[in-house]
Structures are given as structure tokens and as C-alpha cells.
file target32.pdb (PDB, C-alpha atoms)
ATOM      1  CA  MET M   1      99.286  50.370 109.927
ATOM      2  CA  PRO M   2      97.192  47.680 108.329
ATOM      3  CA  ASN M   3      93.403  47.721 108.321
ATOM      4  CA  ILE M   4      91.783  44.507 109.490
ATOM      5  CA  THR M   5      88.080  44.178 108.666
ATOM      6  CA  PHE M   6      86.184  41.587 110.693
ATOM      7  CA  SER M   7      82.970  40.303 109.132
ATOM      8  CA  SER M   8      80.284  37.969 110.446
ATOM      9  CA  PRO M   9      76.740  37.159 109.325
ATOM     10  CA  LEU M  10      75.471  38.005 112.833
ATOM     11  CA  HIS M  11      77.451  41.172 113.542
ATOM     12  CA  LYS M  12      78.122  44.479 111.816
ATOM     13  CA  ASP M  13      81.472  44.609 110.001
ATOM     14  CA  LYS M  14      84.178  46.299 112.019
ATOM     15  CA  THR M  15      87.498  47.628 110.728
ATOM     16  CA  VAL M  16      90.345  48.124 113.162
ATOM     17  CA  TYR M  17      93.866  49.397 112.747
ATOM     18  CA  ALA M  18      96.567  46.972 113.774
ATOM     19  CA  VAL M  19      99.910  48.237 114.952
ATOM     20  CA  ALA M  20     102.460  47.302 112.319
ATOM     21  CA  GLY M  21     105.729  45.789 113.336
ATOM     22  CA  SER M  22     104.847  43.746 116.403
ATOM     23  CA  HIS M  23     104.793  40.465 114.442
ATOM     24  CA  THR M  24     103.602  38.765 117.617
ATOM     25  CA  LYS M  25      99.938  39.762 117.821
ATOM     26  CA  SER M  26      97.487  37.122 116.697
ATOM     27  CA  VAL M  27      94.192  37.793 114.961
ATOM     28  CA  LEU M  28      92.392  36.494 118.049
ATOM     29  CA  LYS M  29      94.276  38.832 120.371
ATOM     30  CA  LEU M  30      93.435  41.816 118.148
ATOM     31  CA  ALA M  31      89.786  40.738 118.015
ATOM     32  CA  LYS M  32      89.584  40.408 121.793
ATOM     33  CA  GLU M  33      91.140  43.865 122.263
ATOM     34  CA  HIS M  34      88.401  45.369 120.074
ATOM     35  CA  HIS M  35      85.504  43.311 121.497
ATOM     36  CA  ILE M  36      84.992  41.331 118.285
ATOM     37  CA  PRO M  37      83.243  38.084 119.242
ATOM     38  CA  ILE M  38      85.329  35.432 117.532
ATOM     39  CA  ASP M  39      84.576  32.103 119.194
ATOM     40  CA  PHE M  40      87.577  30.371 120.742
ATOM     41  CA  GLY M  41      88.286  27.451 123.001
ATOM     42  CA  CYS M  42      91.829  26.442 123.779
ATOM     43  CA  GLU M  43      93.709  29.482 122.361
ATOM     44  CA  ASN M  44      96.498  26.998 121.675
ATOM     45  CA  GLY M  45      95.809  25.925 118.086
ATOM     46  CA  GLU M  46      94.340  22.554 118.940
ATOM     47  CA  CYS M  47      90.527  22.813 118.815
ATOM     48  CA  SER M  48      89.553  24.678 115.582
ATOM     49  CA  THR M  49      86.945  26.771 117.407
ATOM     50  CA  CYS M  50      88.544  30.008 116.165
ATOM     51  CA  LEU M  51      88.593  28.959 112.481
ATOM     52  CA  VAL M  52      88.364  32.041 110.224
ATOM     53  CA  LYS M  53      88.530  32.743 106.496
ATOM     54  CA  VAL M  54      91.110  35.378 105.563
ATOM     55  CA  THR M  55      91.386  37.452 102.404
ATOM     56  CA  ASN M  56      94.434  39.587 101.690
ATOM     57  CA  LEU M  57      93.283  43.037 100.529
ATOM     58  CA  SER M  58      96.757  44.397  99.817
ATOM     59  CA  ALA M  59      99.431  43.378  97.358
ATOM     60  CA  LYS M  60     102.226  43.262  99.912
ATOM     61  CA  GLY M  61     103.164  39.629  99.514
ATOM     62  CA  PRO M  62     102.254  36.492 101.474
ATOM     63  CA  MET M  63      99.225  36.590 103.752
ATOM     64  CA  GLY M  64      99.967  36.676 107.460
ATOM     65  CA  GLY M  65     102.655  34.729 109.192
ATOM     66  CA  PRO M  66     103.356  31.133 108.180
ATOM     67  CA  LEU M  67     101.107  28.359 109.432
ATOM     68  CA  THR M  68     102.230  26.718 112.652
ATOM     69  CA  ASP M  69     102.559  22.938 112.853
ATOM     70  CA  ARG M  70      99.510  22.834 115.129
ATOM     71  CA  GLU M  71      97.534  24.947 112.671
ATOM     72  CA  ILE M  72      98.474  22.657 109.773
ATOM     73  CA  THR M  73      97.342  19.603 111.750
ATOM     74  CA  VAL M  74      93.973  21.127 112.693
ATOM     75  CA  LEU M  75      93.292  22.580 109.222
ATOM     76  CA  LYS M  76      94.047  19.200 107.662
ATOM     77  CA  GLN M  77      91.710  17.441 110.122
ATOM     78  CA  GLU M  78      88.977  19.972 109.271
ATOM     79  CA  GLY M  79      89.483  19.471 105.514
ATOM     80  CA  LYS M  80      90.563  23.097 105.005
ATOM     81  CA  ILE M  81      94.002  22.296 103.578
ATOM     82  CA  THR M  82      95.218  19.416 101.430
ATOM     83  CA  GLN M  83      98.513  17.573 101.610
ATOM     84  CA  ALA M  84      99.407  19.053  98.205
ATOM     85  CA  GLU M  85      98.881  22.573  99.591
ATOM     86  CA  ILE M  86     101.003  21.728 102.635
ATOM     87  CA  ASP M  87     103.803  20.409 100.423
ATOM     88  CA  ALA M  88     103.650  23.470  98.137
ATOM     89  CA  MET M  89     103.719  25.787 101.143
ATOM     90  CA  LYS M  90     106.904  24.164 102.403
ATOM     91  CA  VAL M  91     108.586  24.668  99.021
ATOM     92  CA  ASP M  92     107.603  28.248  98.182
ATOM     93  CA  ASP M  93     106.994  29.588 101.738
ATOM     94  CA  VAL M  94     103.571  31.017 100.824
ATOM     95  CA  VAL M  95     100.319  30.227 102.625
ATOM     96  CA  HIS M  96      98.092  28.221 100.254
ATOM     97  CA  THR M  97      94.793  28.387 102.119
ATOM     98  CA  ALA M  98      92.382  31.135 103.100
ATOM     99  CA  TRP M  99      91.494  29.230 106.271
ATOM    100  CA  ARG M 100      93.422  30.041 109.419
ATOM    101  CA  LEU M 101      93.116  29.667 113.162
ATOM    102  CA  ALA M 102      92.701  33.135 114.673
ATOM    103  CA  CYS M 103      94.746  32.157 117.730
ATOM    104  CA  GLN M 104      97.698  31.095 115.568
ATOM    105  CA  MET M 105      97.723  33.613 112.708
ATOM    106  CA  VAL M 106     100.224  36.374 113.401
ATOM    107  CA  LEU M 107      99.479  39.719 111.769
ATOM    108  CA  ARG M 108     101.837  41.399 109.365
ATOM    109  CA  ASP M 109     101.693  44.767 107.635
ATOM    110  CA  GLU M 110      98.831  44.009 105.235
ATOM    111  CA  ASP M 111      95.162  44.846 104.935
ATOM    112  CA  LEU M 112      92.974  41.812 105.597
ATOM    113  CA  ALA M 113      89.321  40.824 105.580
ATOM    114  CA  ILE M 114      88.545  38.193 108.195
ATOM    115  CA  GLU M 115      85.266  36.291 108.077
ATOM    116  CA  TYR M 116      84.249  34.548 111.267
ATOM    117  CA  PRO M 117      81.151  32.594 112.293
ATOM    118  CA  SER M 118      79.267  33.591 115.422
ATOM    119  CA  ARG M 119      76.698  31.970 117.595
TER     120      ARG M 119
END
call {"tool": "encode", "arguments": {"input": "target32.pdb", "output": "C-alpha cells"}}
result
Amino acid sequence: MPNITFSSPLHKDKTVYAVAGSHTKSVLKLAKEHHIPIDFGCENGECSTCLVKVTNLSAKGPMGGPLTDREITVLKQEGKITQAEIDAMKVDDVVHTAWRLACQMVLRDEDLAIEYPSR
């Protein structure tokens, strides 16, 4: 089971254990289950309210599931991913940005640190 550590300047860090193998649970869903106050709006990958910065703490390969088309569009609009990074990601199938949308990022079996802003 991977350890997911949520960190915010306004809240105490909290580490939770994610169930490995579901490959369907998003970071936002895990956060909501553990009462971690990540801001969100649409929960559909269209508004960027749930933007988080993710760091892979394990050496188990690529970080999280691949970016969705919606996530790519929003991250590009927010200036968090470049066209060159998008093109490279399509070639080598590796996420090339630390920025993700919590509602779109699907957890895998890897330890992660997730930084989120709070109001």
C-alpha cells in the first residue's frame, strides 16, 4: 500500500495509506475520504480549482496515471505544462510535470507527496 502525504501551508501534514490495486481512485477522492481540505469545484477536470503539486517518493516508475485530455488542456491554460512536455509525454508515456488536477490523477502503487493550497 502506498503512502500519500498531503501537505499545505495552512494545515498539518497528513499521511494516509491508499489501497493499492484499485487504479480508479483519484487523489481528490482519497483526500475527501480522509477529510483533507483540497479545494475543488467541478470535479470533472475543467476548472483547475484542485490543482496540486505532486512529488514521487518511490522509485517505482512513472508518477500516477497518465494525464487525461481535460487535464492537459487545463494545465496548459494555467501555464503548468508546455507543448514540448506534452509532446514528450506522448512519445515516452511518462508524465513530465509535477502539476496535476487532484480530481483527474489516478493513484498507483507509489509513495507520493502532494502539496495543495488552502484557503
call {"tool": "resolve_selection", "arguments": {"input": "target32.pdb", "expression": "the PyMOL selection byres ((chain M and resi 36) around 10)", "output": "count of residues only"}}
result
19
call {"tool": "atom_distance", "arguments": {"input": "target32.pdb", "atom1": "atom CA of M:Glu43", "atom2": "atom CA of M:Ala88"}}
result
26.9 Å
call {"tool": "residues_around", "arguments": {"input": "target32.pdb", "residues": "stretch 1-3 of chain M", "least_positions_apart": "3", "cutoff": "10 Å", "atoms": "all atoms listed in the file", "output": "PyMOL selection string"}}
result
chain M and resi 6+15-21+57-58+107-113
call {"tool": "residues_around", "arguments": {"input": "target32.pdb", "residues": "M:Ile86", "least_positions_apart": "2", "cutoff": "10 Å", "atoms": "only C-alpha atoms", "output": "short mmCIF file (atom, residue, chain, number, x, y, z; two decimals) with C-alpha atoms, in the frame of the given file"}}
result
data_model
loop_
_atom_site.label_atom_id
_atom_site.label_comp_id
_atom_site.auth_asym_id
_atom_site.auth_seq_id
_atom_site.Cartn_x
_atom_site.Cartn_y
_atom_site.Cartn_z
CA LEU M 67 101.11 28.36 109.43
CA ILE M 72 98.47 22.66 109.77
CA LYS M 76 94.05 19.20 107.66
CA ILE M 81 94.00 22.30 103.58
CA THR M 82 95.22 19.42 101.43
CA GLN M 83 98.51 17.57 101.61
CA ALA M 84 99.41 19.05 98.20
CA ALA M 88 103.65 23.47 98.14
CA MET M 89 103.72 25.79 101.14
CA LYS M 90 106.90 24.16 102.40
CA VAL M 91 108.59 24.67 99.02
CA ASP M 93 106.99 29.59 101.74
CA VAL M 94 103.57 31.02 100.82
CA VAL M 95 100.32 30.23 102.62
CA HIS M 96 98.09 28.22 100.25
CA THR M 97 94.79 28.39 102.12
#
call {"tool": "residues_around", "arguments": {"input": "target32.pdb", "residues": "M:Val54", "least_positions_apart": "2", "cutoff": "8 Å", "atoms": "all atoms listed in the file", "output": "list of chain:residue names"}}
result
M:Val52, M:Asn56, M:Ala98, M:Trp99, M:Arg100, M:Leu112, M:Ala113, M:Ile114, M:Glu115
call {"tool": "closest_residue", "arguments": {"input": "target32.pdb", "among": "M:Leu101, M:Leu10, M:Val106, M:Cys50", "to": "M:Gly65", "atoms": "all atoms listed in the file"}}
result
M:Val106
call {"tool": "closest_residue", "arguments": {"input": "target32.pdb", "among": "M:Ile4, M:Gln77, M:Ser48, M:Pro9", "to": "M:Ser26", "atoms": "all atoms listed in the file"}}
result
M:Ile4
call {"tool": "resolve_selection", "arguments": {"input": "target32.pdb", "expression": "the PyMOL selection byres ((chain M and resi 44) around 12)", "output": "PyMOL selection string"}}
result
chain M and resi 26+28+40-43+45-50+68-71+74+101-105
call {"tool": "build_atoms", "arguments": {"input": "target32.pdb", "residues": "stretch 71-90 of chain M", "atoms": "N, CA, C and O atoms", "output": "compact mmCIF listing (two decimals), keeping the file's coordinate frame"}}
result
# COMPACT_ATOMS: atom_id res chain seq x y z
N GLU M 71 98.56 24.43 113.59
CA GLU M 71 97.53 24.95 112.67
C GLU M 71 97.40 24.03 111.46
O GLU M 71 96.28 23.72 111.03
N ILE M 72 98.51 23.57 110.91
CA ILE M 72 98.47 22.66 109.77
C ILE M 72 97.72 21.38 110.14
O ILE M 72 96.86 20.92 109.39
N THR M 73 98.01 20.83 111.31
CA THR M 73 97.34 19.60 111.75
C THR M 73 95.83 19.80 111.85
O THR M 73 95.05 18.99 111.34
N VAL M 74 95.40 20.88 112.50
CA VAL M 74 93.97 21.13 112.69
C VAL M 74 93.28 21.43 111.37
O VAL M 74 92.20 20.91 111.10
N LEU M 75 93.90 22.26 110.52
CA LEU M 75 93.29 22.58 109.22
C LEU M 75 93.16 21.34 108.35
O LEU M 75 92.17 21.17 107.63
N LYS M 76 94.13 20.45 108.42
CA LYS M 76 94.05 19.20 107.66
C LYS M 76 92.92 18.32 108.20
O LYS M 76 92.15 17.75 107.43
N GLN M 77 92.79 18.22 109.52
CA GLN M 77 91.71 17.44 110.12
C GLN M 77 90.34 18.00 109.74
O GLN M 77 89.39 17.25 109.57
N GLU M 78 90.24 19.31 109.60
CA GLU M 78 88.98 19.97 109.27
C GLU M 78 88.70 19.99 107.76
O GLU M 78 87.67 20.48 107.32
N GLY M 79 89.65 19.50 106.96
CA GLY M 79 89.48 19.47 105.51
C GLY M 79 89.64 20.84 104.86
O GLY M 79 89.15 21.07 103.76
N LYS M 80 90.37 21.74 105.51
CA LYS M 80 90.56 23.10 105.00
C LYS M 80 91.89 23.27 104.27
O LYS M 80 92.15 24.33 103.69
N ILE M 81 92.74 22.26 104.30
CA ILE M 81 94.00 22.30 103.58
C ILE M 81 94.33 20.86 103.15
O ILE M 81 94.08 19.91 103.90
N THR M 82 94.86 20.74 101.94
CA THR M 82 95.22 19.42 101.43
C THR M 82 96.71 19.17 101.63
O THR M 82 97.48 20.10 101.86
N GLN M 83 97.09 17.91 101.50
CA GLN M 83 98.51 17.57 101.61
C GLN M 83 99.31 18.25 100.50
O GLN M 83 100.43 18.70 100.71
N ALA M 84 98.72 18.37 99.32
CA ALA M 84 99.41 19.05 98.20
C ALA M 84 99.66 20.52 98.54
O ALA M 84 100.73 21.06 98.23
N GLU M 85 98.69 21.17 99.19
CA GLU M 85 98.88 22.57 99.59
C GLU M 85 99.95 22.70 100.67
O GLU M 85 100.75 23.63 100.67
N ILE M 86 99.98 21.74 101.59
CA ILE M 86 101.00 21.73 102.64
C ILE M 86 102.39 21.57 102.01
O ILE M 86 103.32 22.30 102.35
N ASP M 87 102.51 20.63 101.09
CA ASP M 87 103.80 20.41 100.42
C ASP M 87 104.24 21.63 99.64
O ASP M 87 105.41 22.03 99.69
N ALA M 88 103.32 22.26 98.91
CA ALA M 88 103.65 23.47 98.14
C ALA M 88 104.07 24.61 99.06
O ALA M 88 104.99 25.36 98.75
N MET M 89 103.40 24.73 100.19
CA MET M 89 103.72 25.79 101.14
C MET M 89 105.14 25.63 101.68
O MET M 89 105.86 26.61 101.86
N LYS M 90 105.56 24.41 101.89
CA LYS M 90 106.90 24.16 102.40
C LYS M 90 107.97 24.50 101.37
O LYS M 90 109.07 24.89 101.71
